[in-house]
file my_file-v8.tsv (TSV, C-alpha atoms)
chain	number	residue	atom	x	y	z
A	1	MET	CA	-93.24	16.93	-16.01
A	2	LYS	CA	-95.74	18.14	-13.39
A	3	ASN	CA	-93.65	16.84	-10.54
A	4	ASN	CA	-90.56	18.38	-12.02
A	5	HIS	CA	-92.28	21.78	-12.35
A	6	HIS	CA	-93.55	21.51	-8.77
A	7	HIS	CA	-90.04	20.80	-7.48
A	8	LYS	CA	-88.66	23.82	-9.35
A	9	ARG	CA	-91.29	26.14	-7.82
A	10	ARG	CA	-90.57	24.79	-4.33
A	11	GLY	CA	-86.85	25.27	-4.92
A	12	ARG	CA	-87.39	28.91	-5.95
A	13	ARG	CA	-89.44	29.54	-2.80
A	14	ARG	CA	-86.61	28.13	-0.67
A	15	CYS	CA	-84.11	30.41	-2.38
A	16	VAL	CA	-86.31	33.46	-1.68
A	17	ILE	CA	-86.68	32.50	2.02
A	18	VAL	CA	-82.91	31.93	2.39
A	19	SER	CA	-82.18	35.26	0.69
A	20	VAL	CA	-84.49	37.15	3.06
A	21	LEU	CA	-82.92	35.47	6.08
A	22	MET	CA	-79.43	36.35	4.82
A	23	LEU	CA	-80.44	40.01	4.45
A	24	ILE	CA	-81.74	40.09	8.04
A	25	ILE	CA	-78.53	38.54	9.38
A	26	LEU	CA	-76.31	40.89	7.39
A	27	THR	CA	-78.13	44.00	8.60
A	28	GLY	CA	-77.38	43.01	12.20
A	29	CYS	CA	-79.20	44.57	15.13
A	30	TRP	CA	-81.65	47.24	13.93
A	31	SER	CA	-80.90	49.50	16.91
A	32	SER	CA	-77.10	49.23	16.80
A	33	HIS	CA	-74.83	52.27	16.41
A	34	GLU	CA	-72.36	52.49	13.57
A	35	ILE	CA	-68.73	52.36	14.68
A	36	GLU	CA	-68.26	55.87	13.23
A	37	GLU	CA	-70.90	57.13	15.66
A	38	GLN	CA	-69.15	55.86	18.80
A	39	SER	CA	-66.34	57.11	21.00
A	40	LEU	CA	-64.32	54.19	22.33
A	41	GLY	CA	-63.10	54.75	25.90
A	42	VAL	CA	-59.72	53.04	26.32
A	43	GLY	CA	-58.49	54.63	29.56
A	44	LEU	CA	-59.95	56.23	32.70
A	45	ALA	CA	-58.09	58.33	35.29
A	46	LEU	CA	-59.59	59.28	38.66
A	47	ASP	CA	-58.17	62.23	40.64
A	48	LYS	CA	-59.09	64.32	43.66
A	49	ALA	CA	-60.55	67.49	42.18
A	50	LYS	CA	-58.43	70.65	42.32
A	51	GLU	CA	-59.85	73.68	44.15
A	52	SER	CA	-60.23	75.55	40.84
A	53	GLU	CA	-62.24	72.65	39.38
A	54	ILE	CA	-64.49	72.56	42.46
A	55	GLU	CA	-65.13	76.32	42.31
A	56	ARG	CA	-65.97	76.16	38.60
A	57	LYS	CA	-68.40	73.30	39.21
A	58	LEU	CA	-70.05	75.15	42.09
A	59	ASP	CA	-70.52	78.20	39.88
A	60	GLU	CA	-72.28	76.02	37.30
A	61	GLN	CA	-74.50	74.30	39.87
A	62	GLU	CA	-75.12	76.54	42.88
A	63	ASN	CA	-77.17	73.97	44.78
A	64	MET	CA	-74.42	71.35	44.69
A	65	SER	CA	-73.62	69.91	48.13
A	66	ASP	CA	-70.71	68.02	49.68
A	67	ASN	CA	-68.27	69.64	47.25
A	68	LYS	CA	-65.21	68.41	49.16
A	69	LYS	CA	-65.83	64.91	47.83
A	70	MET	CA	-65.56	65.99	44.23
A	71	ILE	CA	-63.62	63.78	41.85
A	72	THR	CA	-62.19	64.58	38.43
A	73	SER	CA	-62.46	61.77	35.93
A	74	THR	CA	-60.47	61.84	32.68
A	75	TYR	CA	-61.53	59.60	29.81
A	76	GLN	CA	-59.11	58.69	27.06
A	77	ILE	CA	-61.08	58.33	23.87
A	78	VAL	CA	-60.23	56.87	20.49
A	79	THR	CA	-62.79	57.70	17.80
A	80	SER	CA	-62.89	57.04	14.10
A	81	GLN	CA	-63.01	60.82	13.66
A	82	VAL	CA	-59.75	61.21	15.60
A	83	ALA	CA	-58.23	58.33	13.64
A	84	ARG	CA	-59.25	59.86	10.30
A	85	SER	CA	-57.94	63.29	11.26
A	86	THR	CA	-54.65	61.89	12.58
A	87	ASN	CA	-51.83	61.95	10.08
A	88	THR	CA	-48.54	61.86	11.95
A	89	GLN	CA	-46.56	61.97	8.70
A	90	ALA	CA	-48.18	65.25	7.67
A	91	ASP	CA	-48.36	66.65	11.20
A	92	PRO	CA	-46.06	64.99	13.80
A	93	THR	CA	-47.81	66.85	16.65
A	94	GLN	CA	-51.20	65.30	15.87
A	95	LYS	CA	-52.41	62.88	18.56
A	96	SER	CA	-54.17	59.55	18.01
A	97	TYR	CA	-56.43	60.08	21.03
A	98	MET	CA	-58.19	62.78	23.01
A	99	ASN	CA	-58.69	63.21	26.77
A	100	VAL	CA	-61.97	64.54	28.14
A	101	SER	CA	-62.30	65.52	31.82
A	102	GLU	CA	-65.32	66.08	34.04
A	103	THR	CA	-65.66	66.94	37.75
A	104	GLY	CA	-68.43	65.75	40.05
A	105	ASN	CA	-69.46	63.65	43.05
A	106	SER	CA	-70.68	60.62	41.11
A	107	ILE	CA	-68.73	58.67	38.51
A	108	HIS	CA	-71.99	57.66	36.85
A	109	GLU	CA	-73.02	61.32	36.68
A	110	MET	CA	-69.68	62.31	35.17
A	111	VAL	CA	-69.99	59.68	32.43
A	112	ARG	CA	-73.37	61.15	31.48
A	113	ASN	CA	-71.99	64.71	31.53
A	114	VAL	CA	-69.07	63.78	29.29
A	115	SER	CA	-71.56	62.30	26.81
A	116	LEU	CA	-73.53	65.57	26.89
A	117	GLU	CA	-70.44	67.48	25.81
A	118	ASN	CA	-69.61	65.14	22.89
A	119	ASP	CA	-71.60	64.26	19.79
A	120	THR	CA	-70.87	60.55	20.24
A	121	PRO	CA	-71.53	58.42	23.37
A	122	ILE	CA	-68.56	56.87	25.19
A	123	MET	CA	-68.45	53.08	24.98
A	124	SER	CA	-66.39	51.39	27.72
A	125	TYR	CA	-66.20	47.82	26.44
A	126	HIS	CA	-62.71	48.49	25.03
A	127	MET	CA	-61.43	50.03	28.30
A	128	LYS	CA	-57.84	48.90	28.86
A	129	VAL	CA	-56.87	50.57	32.10
A	130	ILE	CA	-58.19	52.52	35.11
A	131	VAL	CA	-55.62	54.68	36.92
A	132	ILE	CA	-56.44	56.06	40.38
A	133	SER	CA	-54.26	58.66	42.08
A	134	GLN	CA	-52.71	57.69	45.40
A	135	LYS	CA	-54.08	60.92	46.90
A	136	LEU	CA	-57.65	59.91	46.02
A	137	ALA	CA	-57.25	56.21	46.90
A	138	SER	CA	-55.83	57.09	50.33
A	139	LYS	CA	-58.92	59.20	51.12
A	140	TYR	CA	-61.71	57.04	49.68
A	141	SER	CA	-62.01	53.26	49.58
A	142	LEU	CA	-61.45	51.46	46.28
A	143	GLU	CA	-64.77	49.75	46.94
A	144	LYS	CA	-66.55	53.09	46.51
A	145	LEU	CA	-64.33	54.43	43.74
A	146	LEU	CA	-64.72	51.32	41.60
A	147	ASP	CA	-68.32	50.53	42.51
A	148	GLN	CA	-69.82	51.92	39.30
A	149	ASP	CA	-67.13	50.35	37.13
A	150	LEU	CA	-67.49	46.94	38.79
A	151	ARG	CA	-71.23	46.97	38.23
A	152	ASP	CA	-71.12	48.45	34.74
A	153	ASN	CA	-71.33	45.58	32.26
A	154	ASP	CA	-69.64	47.70	29.58
A	155	PHE	CA	-66.32	47.51	31.44
A	156	ARG	CA	-64.46	44.38	30.44
A	157	PRO	CA	-63.34	42.19	33.39
A	158	SER	CA	-59.77	42.21	32.02
A	159	CYS	CA	-59.47	46.01	32.45
A	160	LEU	CA	-56.32	46.76	34.50
A	161	VAL	CA	-56.33	48.82	37.71
A	162	LEU	CA	-53.25	50.93	38.57
A	163	ILE	CA	-52.33	53.51	41.24
A	164	SER	CA	-50.38	56.66	40.35
A	165	ASN	CA	-47.95	58.66	42.50
A	166	GLY	CA	-49.02	62.03	41.09
A	167	ARG	CA	-52.16	62.98	39.19
A	168	ALA	CA	-53.63	60.00	37.41
A	169	SER	CA	-54.59	62.11	34.39
A	170	ASN	CA	-50.88	62.72	33.67
A	171	THR	CA	-50.40	59.00	32.96
A	172	LEU	CA	-52.86	59.32	30.07
A	173	LYS	CA	-50.69	61.89	28.26
A	174	SER	CA	-47.93	61.31	25.74
A	175	ASN	CA	-45.56	63.38	23.62
A	176	VAL	CA	-44.86	60.49	21.25
A	177	PRO	CA	-46.71	60.88	17.91
A	178	GLY	CA	-49.21	58.11	17.24
A	179	GLU	CA	-48.95	56.65	20.76
A	180	THR	CA	-52.09	55.96	22.78
A	181	PRO	CA	-51.08	56.07	26.50
A	182	ALA	CA	-53.74	53.58	27.68
A	183	PHE	CA	-52.41	50.97	25.24
A	184	ARG	CA	-48.84	51.66	26.37
A	185	LEU	CA	-49.74	51.16	30.05
A	186	ALA	CA	-51.36	47.82	29.24
A	187	GLY	CA	-48.26	46.86	27.25
A	188	ILE	CA	-45.85	47.63	30.12
A	189	VAL	CA	-47.77	45.25	32.41
A	190	ASP	CA	-47.16	42.50	29.86
A	191	ASN	CA	-43.43	42.82	30.62
A	192	SER	CA	-43.89	41.35	34.11
A	193	TYR	CA	-42.42	38.07	32.86
A	194	ARG	CA	-39.09	39.84	32.27
A	195	THR	CA	-38.58	41.45	35.67
A	196	THR	CA	-39.32	41.01	39.38
A	197	LYS	CA	-39.91	44.77	39.67
A	198	ILE	CA	-43.35	44.73	38.02
A	199	LEU	CA	-46.38	43.32	39.77
A	200	ALA	CA	-48.50	40.65	38.10
A	201	PRO	CA	-51.53	42.33	36.45
A	202	VAL	CA	-54.53	43.05	38.71
A	203	THR	CA	-57.73	43.28	36.67
A	204	LEU	CA	-61.23	44.47	37.59
A	205	VAL	CA	-62.44	40.90	38.08
A	206	LYS	CA	-59.47	40.11	40.37
A	207	ILE	CA	-59.83	43.28	42.41
A	208	GLU	CA	-63.54	42.59	42.89
A	209	SER	CA	-62.75	39.25	44.56
A	210	LYS	CA	-59.99	40.84	46.67
A	211	LEU	CA	-62.30	43.59	47.90
A	212	ARG	CA	-64.79	41.00	49.15
A	213	THR	CA	-62.27	39.80	51.73
A	214	ASN	CA	-60.48	41.64	54.52
A	215	ALA	CA	-57.07	40.68	53.15
A	216	SER	CA	-54.60	43.44	52.24
A	217	PHE	CA	-53.15	43.39	48.72
A	218	LEU	CA	-50.96	45.23	46.22
A	219	LEU	CA	-51.67	47.26	43.08
A	220	GLN	CA	-49.03	48.28	40.52
A	221	ASN	CA	-47.78	51.84	40.99
A	222	VAL	CA	-47.16	54.11	38.01
A	223	GLN	CA	-45.63	57.58	37.81
A	224	ALA	CA	-45.56	60.21	35.08
A	225	GLU	CA	-42.59	62.55	34.73
A	226	LYS	CA	-41.96	65.01	31.88
A	227	GLY	CA	-44.37	63.28	29.52
A	228	LYS	CA	-42.92	59.84	30.22
A	229	VAL	CA	-44.63	57.07	32.17
A	230	LYS	CA	-42.77	54.53	34.31
A	231	PHE	CA	-43.82	51.65	36.53
A	232	GLY	CA	-42.19	51.74	39.95
A	233	GLY	CA	-43.09	49.72	43.03
A	234	ALA	CA	-46.59	48.94	44.25
A	235	ALA	CA	-49.38	50.52	46.31
A	236	ILE	CA	-50.52	48.79	49.51
A	237	VAL	CA	-54.28	48.49	49.90
A	238	ASP	CA	-55.40	47.95	53.51
A	239	GLY	CA	-57.79	44.99	53.76
A	240	LYS	CA	-60.14	46.61	56.27
A	241	THR	CA	-60.43	50.18	54.98
A	242	LYS	CA	-59.85	49.29	51.27
A	243	LYS	CA	-57.70	52.44	51.09
A	244	VAL	CA	-54.10	52.87	49.91
A	245	ILE	CA	-51.86	53.25	52.97
A	246	GLY	CA	-48.43	53.44	51.34
A	247	ILE	CA	-46.12	52.65	48.43
A	248	LEU	CA	-43.48	49.92	48.28
A	249	ASP	CA	-40.40	50.78	46.22
A	250	GLU	CA	-39.00	48.51	43.49
A	251	GLN	CA	-36.61	46.71	45.87
A	252	ASP	CA	-39.42	45.94	48.33
A	253	LEU	CA	-41.61	44.66	45.50
A	254	GLU	CA	-38.78	42.35	44.40
A	255	GLY	CA	-38.71	40.82	47.88
A	256	ILE	CA	-42.48	40.23	47.75
A	257	THR	CA	-42.16	38.62	44.30
A	258	TRP	CA	-39.53	36.19	45.58
A	259	MET	CA	-41.58	35.32	48.68
A	260	THR	CA	-44.70	34.59	46.65
A	261	GLY	CA	-42.79	32.84	43.85
A	262	LYS	CA	-44.95	34.61	41.28
A	263	GLY	CA	-42.12	36.02	39.19
A	264	LYS	CA	-41.51	34.60	35.73
A	265	GLY	CA	-38.16	36.19	34.96
A	266	GLY	CA	-35.73	38.97	35.76
A	267	THR	CA	-32.19	39.38	37.04
A	268	VAL	CA	-30.40	39.58	40.39
A	269	GLU	CA	-27.24	41.68	40.73
A	270	SER	CA	-24.74	41.00	43.50
A	271	VAL	CA	-21.24	42.22	44.29
A	272	HIS	CA	-18.36	40.25	45.77
A	273	LYS	CA	-16.80	42.62	48.32
A	274	LYS	CA	-13.18	41.40	48.09
A	275	GLY	CA	-12.76	41.76	44.35
A	276	GLU	CA	-15.61	44.22	43.77
A	277	GLU	CA	-16.91	41.65	41.32
A	278	LEU	CA	-20.34	42.29	39.78
A	279	VAL	CA	-22.39	39.16	39.14
A	280	VAL	CA	-25.68	39.15	37.21
A	281	TYR	CA	-27.92	36.12	37.70
A	282	GLU	CA	-30.68	35.65	35.11
A	283	VAL	CA	-33.82	33.95	36.44
A	284	ILE	CA	-35.18	30.99	34.48
A	285	SER	CA	-37.64	29.84	37.14
A	286	MET	CA	-38.58	30.54	40.76
A	287	LYS	CA	-40.67	28.70	43.34
A	288	SER	CA	-41.71	29.56	46.86
A	289	LYS	CA	-43.36	27.72	49.71
A	290	ILE	CA	-44.69	29.43	52.84
A	291	LYS	CA	-45.19	26.96	55.66
A	292	PRO	CA	-46.97	28.03	58.89
A	293	HIS	CA	-46.20	26.60	62.37
A	294	ILE	CA	-48.13	26.86	65.64
A	295	LYS	CA	-46.29	26.21	68.90
A	296	GLY	CA	-47.45	27.29	72.35
A	297	GLY	CA	-50.05	29.57	70.80
A	298	GLU	CA	-47.37	31.38	68.78
A	299	ILE	CA	-47.62	31.55	64.97
A	300	SER	CA	-44.45	31.45	62.87
A	301	PHE	CA	-43.56	30.88	59.22
A	302	ASP	CA	-40.82	29.29	57.15
A	303	VAL	CA	-40.34	30.69	53.64
A	304	LYS	CA	-38.41	28.41	51.29
A	305	VAL	CA	-37.45	29.90	47.93
A	306	SER	CA	-35.77	27.99	45.11
A	307	SER	CA	-34.64	29.23	41.73
A	308	LYS	CA	-32.86	28.02	38.63
A	309	GLY	CA	-31.01	30.37	36.32
A	310	ARG	CA	-27.88	31.17	34.42
A	311	LEU	CA	-24.86	33.41	34.85
A	312	SER	CA	-25.80	36.29	32.59
A	313	GLU	CA	-22.91	38.66	33.23
A	314	ARG	CA	-19.74	38.69	35.31
A	315	TRP	CA	-17.02	41.26	35.81
A	316	SER	CA	-13.84	39.69	37.15
A	317	LYS	CA	-10.24	40.81	37.53
A	318	SER	CA	-8.55	37.50	36.87
A	319	ASP	CA	-9.98	33.99	37.19
A	320	THR	CA	-11.92	32.31	34.39
A	321	ALA	CA	-15.61	31.59	34.71
A	322	SER	CA	-15.35	27.98	33.70
A	323	THR	CA	-14.97	26.08	36.97
A	324	LYS	CA	-17.65	24.64	39.26
A	325	ASN	CA	-16.16	26.67	42.12
A	326	VAL	CA	-16.98	29.91	40.32
A	327	LEU	CA	-20.56	28.82	39.67
A	328	LYS	CA	-20.92	27.83	43.33
A	329	LYS	CA	-19.70	31.25	44.37
A	330	VAL	CA	-22.31	32.86	42.09
A	331	GLU	CA	-25.01	30.73	43.70
A	332	ILE	CA	-23.98	31.84	47.21
A	333	LEU	CA	-23.79	35.53	46.22
A	334	THR	CA	-27.21	35.39	44.58
A	335	GLU	CA	-28.80	33.55	47.53
A	336	LYS	CA	-27.54	36.21	49.95
A	337	GLU	CA	-28.86	39.00	47.73
A	338	ILE	CA	-32.33	37.43	47.47
A	339	GLU	CA	-32.40	36.81	51.25
A	340	LYS	CA	-31.59	40.48	51.79
A	341	LYS	CA	-34.48	41.54	49.54
A	342	ILE	CA	-36.89	39.23	51.38
A	343	LYS	CA	-35.67	40.44	54.80
A	344	ASN	CA	-36.20	44.09	53.85
A	345	SER	CA	-39.70	43.38	52.54
A	346	VAL	CA	-40.70	41.46	55.68
A	347	GLU	CA	-39.46	44.35	57.84
A	348	LYS	CA	-41.54	46.81	55.80
A	349	MET	CA	-44.65	44.62	56.07
A	350	GLN	CA	-44.35	43.91	59.78
A	351	GLY	CA	-42.79	47.14	60.98
A	352	LYS	CA	-43.77	50.13	58.88
A	353	TYR	CA	-47.14	49.14	57.42
A	354	LYS	CA	-48.24	46.21	59.63
A	355	VAL	CA	-49.97	44.31	56.81
A	356	ASP	CA	-49.69	40.87	55.24
A	357	ILE	CA	-49.42	41.35	51.46
A	358	ALA	CA	-47.52	38.15	50.64
A	359	GLY	CA	-50.15	35.48	51.37
A	360	PHE	CA	-49.03	34.30	54.81
A	361	GLY	CA	-52.62	34.38	56.08
A	362	GLU	CA	-53.84	32.31	53.14
A	363	GLN	CA	-51.36	29.54	53.99
A	364	LEU	CA	-52.43	29.64	57.63
A	365	ARG	CA	-56.05	29.28	56.50
A	366	ILE	CA	-55.19	26.25	54.37
A	367	HIS	CA	-53.08	24.41	56.97
A	368	TYR	CA	-54.76	25.49	60.22
A	369	PRO	CA	-58.36	26.53	59.43
A	370	LYS	CA	-59.51	26.52	63.08
A	371	THR	CA	-56.69	28.84	64.13
A	372	TRP	CA	-57.38	31.06	61.12
A	373	ASP	CA	-61.02	31.49	62.16
A	374	LYS	CA	-59.81	32.82	65.51
A	375	VAL	CA	-57.29	35.31	64.12
A	376	LYS	CA	-58.62	36.33	60.69
A	377	ASP	CA	-60.47	39.43	61.93
A	378	ASN	CA	-57.25	40.87	63.32
A	379	TRP	CA	-54.75	39.10	61.10
A	380	ASP	CA	-52.59	42.03	59.92
A	381	GLU	CA	-51.78	43.00	63.51
A	382	ILE	CA	-51.11	39.38	64.58
A	383	PHE	CA	-48.92	38.77	61.52
A	384	SER	CA	-46.83	41.82	62.39
A	385	GLY	CA	-45.73	40.04	65.60
A	386	SER	CA	-45.09	36.65	64.00
A	387	SER	CA	-41.64	35.17	63.39
A	388	VAL	CA	-40.66	34.72	59.73
A	389	ARG	CA	-37.67	32.59	58.74
A	390	TYR	CA	-36.44	32.28	55.16
A	391	LYS	CA	-34.09	30.06	53.19
A	392	VAL	CA	-33.08	30.55	49.57
A	393	ASP	CA	-31.63	27.88	47.28
A	394	VAL	CA	-30.22	28.97	43.90
A	395	GLU	CA	-28.96	26.65	41.17
A	396	VAL	CA	-26.86	28.11	38.35
A	397	GLU	CA	-27.29	25.86	35.33
A	398	GLY	CA	-24.79	27.57	33.06
A	399	TYR	CA	-24.05	30.75	31.16
A	400	GLY	CA	-26.26	33.14	29.24
A	401	THR	CA	-25.37	35.08	26.13
A	402	SER	CA	-22.75	37.08	28.01
A	403	THR	CA	-19.45	35.61	29.18
A	404	GLU	CA	-16.73	36.94	31.41
A	405	THR	CA	-15.76	40.54	30.82
A	406	LYS	CA	-12.62	41.91	32.39
A	407	LYS	CA	-12.43	45.37	33.88
A	408	GLY	CA	-10.30	48.01	32.33
call {"tool": "encode", "arguments": {"input": "my_file-v8.tsv", "output": "structure tokens"}}
result
Amino acid sequence: MKNNHHHKRRGRRRCVIVSVLMLIILTGCWSSHEIEEQSLGVGLALDKAKESEIERKLDEQENMSDNKKMITSTYQIVTSQVARSTNTQADPTQKSYMNVSETGNSIHEMVRNVSLENDTPIMSYHMKVIVISQKLASKYSLEKLLDQDLRDNDFRPSCLVLISNGRASNTLKSNVPGETPAFRLAGIVDNSYRTTKILAPVTLVKIESKLRTNASFLLQNVQAEKGKVKFGGAAIVDGKTKKVIGILDEQDLEGITWMTGKGKGGTVESVHKKGEELVVYEVISMKSKIKPHIKGGEISFDVKVSSKGRLSERWSKSDTASTKNVLKKVEILTEKEIEKKIKNSVEKMQGKYKVDIAGFGEQLRIHYPKTWDKVKDNWDEIFSGSSVRYKVDVEVEGYGTSTETKKG
């Protein structure tokens, strides 16, 4: 009986200890903030400050110096208070987010100032996207503009970085009830598998590694017009200055995508001159190989692109789209169209901007490391004088959902 009673007392003690431990675990961190007390930052826009913003800031702080470097940062915030007050059924004009702007010389300082103007601190660990205006990124290096964000542990490494044609803050606005612009921007990037006109996502962690080298690279370009946001082309970041030096249009970006073989989908339209026949080739897969050559001290490259796809759409006056000859003709038309896109992109890289943004230098480094060591410090200029040859091989495997459609 004694032993039995002893075991019962020991069992009760264990239950008490376990209960106390459970209470501690359930309470979580004693110093943590409730979710209702936080403002979740989901988007950040960086713009060159307007003259009116600079003058207002100078009036507030008379001893402020170097005012020409002022930046306006706009934070897109989603709070539980905004969520609770948002009822799009009762009020269609109600927004599911709010934008807060601050002007200053230091991004870190602006974050603190925004917090001073709001009753809840801004938390950045849910940040989806950072948009930087082309005007700002062409004046200051991305290394400086993103320095605080790269070092701030609150910013998730998967946060996207975009460049905007106009003011970056306009890309964080929407007239659609219930829509949060930062989430929409992140969603558009996810469509890169469906088109060759959207660049593969560049995140904070990727851009940090790119900025450590002297290699030039691309960032997705976005533009806001009449409350609508659209992706179009890509911004060129110069490897030495880390500044944006120009914008490639959608057609140029397509050529880069084919050269790098990084596209996962999309279509290619071509027209047969004789019959004015429109052919739409749907991409199933694409591959690319850039092979460097060194002869007599001259550097040249061969670009070999291959793709498999289907005939998605075809407008023809007469013949049926059921013979091998027709499919062969589609292959030839598509190959010529892709070659044209590649040719135009190479001309832009070597002629207008004089930068390598398609990975030619990386292939030279892999195949001829000793030569690369000699030319890497001045690679963009040397690449601009190099010969680039390209060959495209397209294989049409069959038909898509659409069949032949006759005009008229």
call {"tool": "atom_distance", "arguments": {"input": "my_file-v8.tsv", "atom1": "atom CA of Gly309 of chain A", "atom2": "atom CA of Asn325 of chain A"}}
result
16.4 Å
call {"tool": "closest_residue", "arguments": {"input": "my_file-v8.tsv", "among": "A:Leu46, A:Ile163, A:Val229, A:Met259", "to": "Ile290 of chain A", "atoms": "all atoms listed in the file"}}
result
A:Met259
call {"tool": "atom_distance", "arguments": {"input": "my_file-v8.tsv", "atom1": "atom CA of Lys264 of chain A", "atom2": "atom CA of Thr196 of chain A"}}
result
7.7 Å
call {"tool": "atom_distance", "arguments": {"input": "my_file-v8.tsv", "atom1": "atom CA of Glu381 of chain A", "atom2": "atom CA of Asp356 of chain A"}}
result
8.8 Å
call {"tool": "closest_residue", "arguments": {"input": "my_file-v8.tsv", "among": "A:Ser96, A:Thr260, A:Asn170, A:Thr72", "to": "Ser345 of chain A", "atoms": "all atoms listed in the file"}}
result
A:Thr260
call {"tool": "closest_residue", "arguments": {"input": "my_file-v8.tsv", "among": "A:Lys210, A:Ser101, A:Tyr399, A:Val222", "to": "Val129 of chain A", "atoms": "only C-alpha atoms"}}
result
A:Val222
call {"tool": "closest_residue", "arguments": {"input": "my_file-v8.tsv", "among": "A:Val131, A:Asn175, A:Leu136, A:Lys48", "to": "Thr103 of chain A", "atoms": "all atoms listed in the file"}}
result
A:Lys48
call {"tool": "closest_residue", "arguments": {"input": "my_file-v8.tsv", "among": "A:Lys50, A:Lys144, A:Lys128, A:Arg156", "to": "Val189 of chain A", "atoms": "only C-alpha atoms"}}
result
A:Lys128
call {"tool": "residues_around", "arguments": {"input": "my_file-v8.tsv", "residues": "segment 251-255 of chain A", "least_positions_apart": "3", "cutoff": "7 Å", "atoms": "all atoms listed in the file", "output": "number ranges by chain"}}
result
A: 196-197, 233-234, 248, 258-259, 341-342, 344-345
call {"tool": "closest_residue", "arguments": {"input": "my_file-v8.tsv", "among": "A:Lys95, A:Ala49, A:Tyr368, A:His126", "to": "Pro177 of chain A", "atoms": "all atoms listed in the file"}}
result
A:Lys95
call {"tool": "residues_around", "arguments": {"input": "my_file-v8.tsv", "residues": "Val355 of chain A", "least_positions_apart": "2", "cutoff": "7 Å", "atoms": "all atoms listed in the file", "output": "list in words"}}
result
Ser216, Met349, Gln350, Tyr353, Ile357, Asp380 and Ser384 of chain A
call {"tool": "residues_around", "arguments": {"input": "my_file-v8.tsv", "residues": "Gln363 of chain A", "least_positions_apart": "2", "cutoff": "8 Å", "atoms": "all atoms listed in the file", "output": "list in words"}}
result
Ile290, Lys291, Pro292, Gly359, Phe360, Gly361, Arg365, Ile366 and His367 of chain A
call {"tool": "residues_near_point", "arguments": {"input": "my_file-v8.tsv", "point": "(-34.8, 26.0, 36.8)", "cutoff": "12 Å", "atoms": "all atoms listed in the file", "output": "list in words"}}
result
Lys264, Gly265, Glu282, Val283, Ile284, Ser285, Met286, Lys287, Ser306, Ser307, Lys308, Gly309, Arg310, Asp393, Val394, Glu395, Val396, Glu397 and Gly398 of chain A
